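Just below is one structure, and these are the notes that go with it.
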Amino acid sequence: MPQLRLVQFILLFCIISIGMGQFIVFAVLAPLIRSVGLQEIHGGLIISLSSIVFALSSGVWGRVSSVQGRRKVMLIGLCGYTFGTLLFSGAFYLGLEGWMQGTLLFVALSIARMLQSTLMGATTPAATAYMADITTPEQRVKGMGLLGSGHSLGTILGPAVAAPLILLHLLAPLLAASAITLLAAAVVWKLLPRHVIAEPTKAVHVGREILSTLRSYFDPRYSATLLIGVLMFLGYAMCQQTVGYLVQDRLQISAEATATIVAHAFIYSAVFALTAQLIVVARLKLAPTRLLFLGLPLMLAGYLTLMALQSEREALIAFSFIGFGFGLALPGFSASASLSVPAEEQGAVAGVIAGAPALGFILGPTIGAVLYEFNTMAPYGAAALLNAILALAVLRRGFKKHNAKE
């Protein structure tokens, strides 16, 4: 039992570090994009392009972890995140100093982020598969909820770290993100046991694995669940990637003040997500479908609140709703997909689970930016409508399963 707790703590810390890094980037990206003279659509495209790479690579890494070992793949992901963030920061530094501008800067930022995504996609599926390996089917929801809690903790700590560092320099939070993931890599290297994989070691063909990953997204056992997750993340991405522009435009404030308010909003979101996971998910032991059905309408309420944003208070209220709903829906989605396949396929499905956010972020940021340029309320209205449709779809699935059991 002590060994199991140590392993779970290390997996938790890895997910925390990734969550911190991601939300540090999200907190400062909008003001950074405007500070280097780029437009909203450029920020959306950078995230969208890197999300395509992440969606493909995470599925590949999930399979590779079933062959080469979870620990090794987690190390690749954490180190890749560290050095990728440094490269991304370096490109922004050149833009802030005026040494690189316009299209060249956009291309440099895109390439840096895509290279980072290629490697950072290894951590989450390997950690998710490791958790699936050490938990029974009855413990699966709780285990996935623990990883969800780690992500929420990361999204609390990331903006909390970013807020004071922004006062030093807009790039200081990104450098902190690199240091945190490097520390996580050191912990994995020194303390995480090598997990024995049941499958025999064999060569991994990247091209074949990418094709297998693409096919796995259409696996009928969990394709419907995956579609719900992808669309949930698409709506979330539209709002998350444009809220910085919304805050700056509605409140007429500086880039630094904008980043601080966005960081505070993300902290509120993460606190409420963590509350949902620790109280509702861990204690009530609700079915995955029910968690999804409870979470989606709460996120909808948050999107509607953003449409009325006139002060920091509305931003905090909105992301509180979004966070609590997300804290319920994410474990429900992860557990539902994980429970649909046997133990020997957990590495593959973990890659698909990890790829769902990236699939949503392929189009979400760009669609959000285009809608925002058309009308500042459009991304949030579209996300609210999408969540309403998803909630009805989940309710219908729940009725079908209930009737099938009868």
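We label chains A, B, ... in the order they appear in the structure tokens, count residues from 1 in each chain, and number ligands from 1 in the order shown.
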As an MDAnalysis selection string, please: the residues near stretch 220-234 of chain A (cut-off 9 Å, only C-alpha atoms, same-chain neighbours under 5 positions excluded).
chainID A and resid 239 296 329:330 333:334 336:338 340:341 349 352:353 355:365 383 386:387 390 393:394
Show which residues sit within 10 Å of A:Leu371, as a PyMOL selection string. Count only C-alpha atoms, and ignore same-chain residues fewer than 6 positions away.
chain A and resi 41+238+242+365+377-382
Output of the above residues as a PDB file, in the first residue's frame, restricted to N, CA and C atoms:
ATOM      1  N   ILE A  41      -6.228  35.898 -34.392  1.00  0.00           N
ATOM      2  CA  ILE A  41      -6.246  34.703 -35.232  1.00  0.00           C
ATOM      3  C   ILE A  41      -4.903  33.986 -35.194  1.00  0.00           C
ATOM      4  N   MET A 238     -12.746  27.458 -27.337  1.00  0.00           N
ATOM      5  CA  MET A 238     -13.207  28.716 -27.932  1.00  0.00           C
ATOM      6  C   MET A 238     -13.222  29.832 -26.887  1.00  0.00           C
ATOM      7  N   THR A 242     -10.040  32.991 -25.988  1.00  0.00           N
ATOM      8  CA  THR A 242     -10.460  34.355 -26.328  1.00  0.00           C
ATOM      9  C   THR A 242     -10.746  35.216 -25.100  1.00  0.00           C
ATOM     10  N   PRO A 365      -9.661  27.072 -30.777  1.00  0.00           N
ATOM     11  CA  PRO A 365      -9.055  28.410 -30.689  1.00  0.00           C
ATOM     12  C   PRO A 365      -9.239  29.246 -31.955  1.00  0.00           C
ATOM     13  N   MET A 377     -19.366  38.410 -28.371  1.00  0.00           N
ATOM     14  CA  MET A 377     -20.153  37.449 -27.604  1.00  0.00           C
ATOM     15  C   MET A 377     -20.330  36.111 -28.313  1.00  0.00           C
ATOM     16  N   ALA A 378     -19.962  36.054 -29.598  1.00  0.00           N
ATOM     17  CA  ALA A 378     -20.239  34.875 -30.410  1.00  0.00           C
ATOM     18  C   ALA A 378     -19.575  33.587 -29.890  1.00  0.00           C
ATOM     19  N   PRO A 379     -18.283  33.614 -29.468  1.00  0.00           N
ATOM     20  CA  PRO A 379     -17.685  32.354 -29.001  1.00  0.00           C
ATOM     21  C   PRO A 379     -18.406  31.754 -27.810  1.00  0.00           C
ATOM     22  N   TYR A 380     -18.883  32.594 -26.919  1.00  0.00           N
ATOM     23  CA  TYR A 380     -19.493  32.125 -25.674  1.00  0.00           C
ATOM     24  C   TYR A 380     -20.923  31.646 -25.911  1.00  0.00           C
ATOM     25  N   GLY A 381     -21.639  32.315 -26.814  1.00  0.00           N
ATOM     26  CA  GLY A 381     -22.957  31.850 -27.189  1.00  0.00           C
ATOM     27  C   GLY A 381     -22.886  30.509 -27.913  1.00  0.00           C
ATOM     28  N   ALA A 382     -21.885  30.361 -28.796  1.00  0.00           N
ATOM     29  CA  ALA A 382     -21.718  29.103 -29.527  1.00  0.00           C
ATOM     30  C   ALA A 382     -21.353  27.968 -28.575  1.00  0.00           C
TER      31      ALA A 382
END
I'd like the contact shell of stretch 23-34 of chain A - 8 Å cut-off, only C-alpha atoms, skipping same-chain residues fewer than 5 positions apart - returned as an mmCIF file with N, CA and C atoms, in the first residue's frame.
data_model
loop_
_atom_site.group_PDB
_atom_site.id
_atom_site.type_symbol
_atom_site.label_atom_id
_atom_site.label_comp_id
_atom_site.auth_asym_id
_atom_site.auth_seq_id
_atom_site.Cartn_x
_atom_site.Cartn_y
_atom_site.Cartn_z
ATOM 1 N N GLN A 39 -2.115 39.185 -34.205
ATOM 2 C CA GLN A 39 -3.554 39.324 -34.024
ATOM 3 C C GLN A 39 -4.142 38.079 -33.355
ATOM 4 N N GLU A 40 -5.430 38.196 -32.966
ATOM 5 C CA GLU A 40 -6.101 37.092 -32.281
ATOM 6 C C GLU A 40 -6.050 35.804 -33.087
ATOM 7 N N HIS A 42 -3.801 34.744 -35.043
ATOM 8 C CA HIS A 42 -2.482 34.114 -34.959
ATOM 9 C C HIS A 42 -2.361 33.258 -33.705
ATOM 10 N N GLY A 43 -2.859 33.796 -32.575
ATOM 11 C CA GLY A 43 -2.828 33.020 -31.335
ATOM 12 C C GLY A 43 -3.655 31.754 -31.451
ATOM 13 N N PHE A 92 9.261 34.205 -28.439
ATOM 14 C CA PHE A 92 8.536 35.390 -27.961
ATOM 15 C C PHE A 92 9.505 36.507 -27.563
ATOM 16 N N GLY A 154 -2.861 21.700 -10.790
ATOM 17 C CA GLY A 154 -1.918 22.386 -11.671
ATOM 18 C C GLY A 154 -2.479 23.678 -12.215
ATOM 19 N N THR A 155 -3.783 23.650 -12.532
ATOM 20 C CA THR A 155 -4.398 24.868 -13.064
ATOM 21 C C THR A 155 -4.636 25.917 -11.988
ATOM 22 N N GLY A 158 -0.605 26.945 -11.419
ATOM 23 C CA GLY A 158 0.002 27.607 -12.574
ATOM 24 C C GLY A 158 -0.316 29.090 -12.630
ATOM 25 N N PRO A 159 -1.600 29.469 -12.684
ATOM 26 C CA PRO A 159 -1.920 30.901 -12.669
ATOM 27 C C PRO A 159 -1.467 31.602 -11.393
ATOM 28 N N VAL A 161 1.220 30.980 -9.739
ATOM 29 C CA VAL A 161 2.646 31.270 -9.961
ATOM 30 C C VAL A 161 2.801 32.386 -10.995
ATOM 31 N N ALA A 162 1.968 32.344 -12.021
ATOM 32 C CA ALA A 162 2.100 33.319 -13.107
ATOM 33 C C ALA A 162 1.781 34.737 -12.663
ATOM 34 N N LEU A 170 6.667 39.459 -18.792
ATOM 35 C CA LEU A 170 5.631 38.600 -19.367
ATOM 36 C C LEU A 170 6.136 37.184 -19.645
ATOM 37 N N PRO A 173 6.741 33.779 -16.321
ATOM 38 C CA PRO A 173 5.945 32.577 -16.020
ATOM 39 C C PRO A 173 6.308 31.380 -16.893
ATOM 40 N N LEU A 174 6.643 31.614 -18.158
ATOM 41 C CA LEU A 174 7.012 30.503 -19.037
ATOM 42 C C LEU A 174 8.315 29.848 -18.587
ATOM 43 N N ALA A 177 7.507 27.616 -15.764
ATOM 44 C CA ALA A 177 6.884 26.371 -16.224
ATOM 45 C C ALA A 177 7.943 25.349 -16.633
ATOM 46 N N GLN A 240 -11.698 29.714 -23.644
ATOM 47 C CA GLN A 240 -10.437 29.892 -22.932
ATOM 48 C C GLN A 240 -9.434 30.721 -23.727
ATOM 49 N N GLN A 241 -9.389 30.501 -25.031
ATOM 50 C CA GLN A 241 -8.397 31.179 -25.856
ATOM 51 C C GLN A 241 -8.791 32.600 -26.241
ATOM 52 N N THR A 242 -10.040 32.991 -25.988
ATOM 53 C CA THR A 242 -10.460 34.355 -26.328
ATOM 54 C C THR A 242 -10.746 35.216 -25.100
ATOM 55 N N GLY A 244 -8.931 36.294 -22.743
ATOM 56 C CA GLY A 244 -7.945 37.353 -22.523
ATOM 57 C C GLY A 244 -8.247 38.586 -23.361
ATOM 58 N N TYR A 245 -8.641 38.359 -24.631
ATOM 59 C CA TYR A 245 -9.014 39.476 -25.488
ATOM 60 C C TYR A 245 -10.290 40.139 -24.974
ATOM 61 N N ALA A 255 -1.843 44.951 -20.911
ATOM 62 C CA ALA A 255 -1.562 43.529 -21.109
ATOM 63 C C ALA A 255 -1.265 42.840 -19.787
ATOM 64 N N GLU A 256 -0.474 43.504 -18.931
ATOM 65 C CA GLU A 256 -0.124 42.906 -17.638
ATOM 66 C C GLU A 256 -1.356 42.742 -16.742
ATOM 67 N N THR A 258 -4.427 42.491 -17.778
ATOM 68 C CA THR A 258 -5.252 41.454 -18.395
ATOM 69 C C THR A 258 -4.780 40.063 -17.984
ATOM 70 N N ALA A 259 -3.467 39.842 -18.085
ATOM 71 C CA ALA A 259 -2.917 38.536 -17.725
ATOM 72 C C ALA A 259 -3.183 38.210 -16.260
ATOM 73 N N THR A 260 -3.149 39.208 -15.398
ATOM 74 C CA THR A 260 -3.408 38.983 -13.975
ATOM 75 C C THR A 260 -4.855 38.563 -13.738
ATOM 76 N N VAL A 262 -6.933 37.199 -15.950
ATOM 77 C CA VAL A 262 -7.124 35.874 -16.542
ATOM 78 C C VAL A 262 -6.534 34.797 -15.635
ATOM 79 N N ALA A 263 -5.369 35.080 -15.054
ATOM 80 C CA ALA A 263 -4.765 34.125 -14.121
ATOM 81 C C ALA A 263 -5.683 33.886 -12.923
ATOM 82 N N PHE A 266 -8.594 31.677 -13.949
ATOM 83 C CA PHE A 266 -8.183 30.278 -14.063
ATOM 84 C C PHE A 266 -8.014 29.639 -12.680
#
What lies within 7 Å of A:Thr305 using only C-alpha atoms, ignoring chain neighbours under 4 positions off, as a list in words?
Ala301, Leu309, Glu314 and Ala318 of chain A
Please save N, CA and C atoms of the selected residues as an mmCIF file, in the first residue's frame.
data_model
loop_
_atom_site.group_PDB
_atom_site.id
_atom_site.type_symbol
_atom_site.label_atom_id
_atom_site.label_comp_id
_atom_site.auth_asym_id
_atom_site.auth_seq_id
_atom_site.Cartn_x
_atom_site.Cartn_y
_atom_site.Cartn_z
ATOM 1 N N ALA A 301 -23.641 27.411 -18.010
ATOM 2 C CA ALA A 301 -23.937 28.607 -17.211
ATOM 3 C C ALA A 301 -22.742 29.557 -17.177
ATOM 4 N N LEU A 309 -19.982 39.872 -19.350
ATOM 5 C CA LEU A 309 -18.807 40.341 -18.603
ATOM 6 C C LEU A 309 -18.643 41.857 -18.690
ATOM 7 N N GLU A 314 -17.430 39.200 -12.936
ATOM 8 C CA GLU A 314 -18.130 38.304 -13.849
ATOM 9 C C GLU A 314 -17.195 37.223 -14.392
ATOM 10 N N ALA A 318 -17.952 33.315 -13.833
ATOM 11 C CA ALA A 318 -18.078 32.458 -15.013
ATOM 12 C C ALA A 318 -17.146 31.259 -14.929
#
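Ranking A:Leu395, A:Leu182, A:Ala237, A:Ala176 by their shortest atom-to-atom distance to A:Ser51, with only C-alpha atoms included, puts A:Ala237 first.
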Correct to one decimal, the distance atom CA of A:Ile134-atom CA of A:Ala282 is 17.4 Å
Per DSSP on the backbone, filter stretch 62-259 of chain A down to the residues in alpha helix (DSSP H) and report them as a PyMOL selection string.
chain A and resi 62-68+70-96+102-120+123-133+140-166+172-191+206-216+223-240+243-251+255-259
Go through A:Val60, A:Ala257, A:Ile52, A:Ala163 one by one, measure the shortest atom-to-atom distance of each to A:Pro125 using only C-alpha atoms, and give the residue with the smallest value.
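The closest residue to A:Pro125 is A:Val60.
When atom CA of A:Gly302 is paired with atom CA of A:Arg396, their separation reads 23.1 Å.
Distance check against A:Leu157 using only C-alpha atoms: of A:Met100, A:Val67, A:Ile180, A:Val247, the minimum falls on A:Ile180.
The gap separating atom CA of A:Thr376 from atom CA of A:Ser89 is 28.6 Å, in Å to one decimal.
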Of the candidates A:Ala122, A:Val281, A:Ala270, A:Leu78, which one gets nearest to A:Arg63 if we count only C-alpha atoms?
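The closest residue to A:Arg63 is A:Ala122.
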Residues at most 10 Å from A:Leu75, counting only C-alpha atoms, excluding those fewer than 5 positions away in the same chain, as a list in words?
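Selected residues are Cys14, Arg70, Gly80, Tyr81, Leu119, Met120, Ala122, Thr123, Ala126, Thr181, Leu182, Ala184, Ala185, Ala186, Val187, Val188 and Trp189 of chain A.
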Between A:Pro193, A:Gly121, A:Gly62, A:Gly368, which residue has the minimum interatomic distance to A:Gln22, considering only C-alpha atoms?
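Using only C-alpha atoms, A:Gln22 sits closest to A:Gly121.
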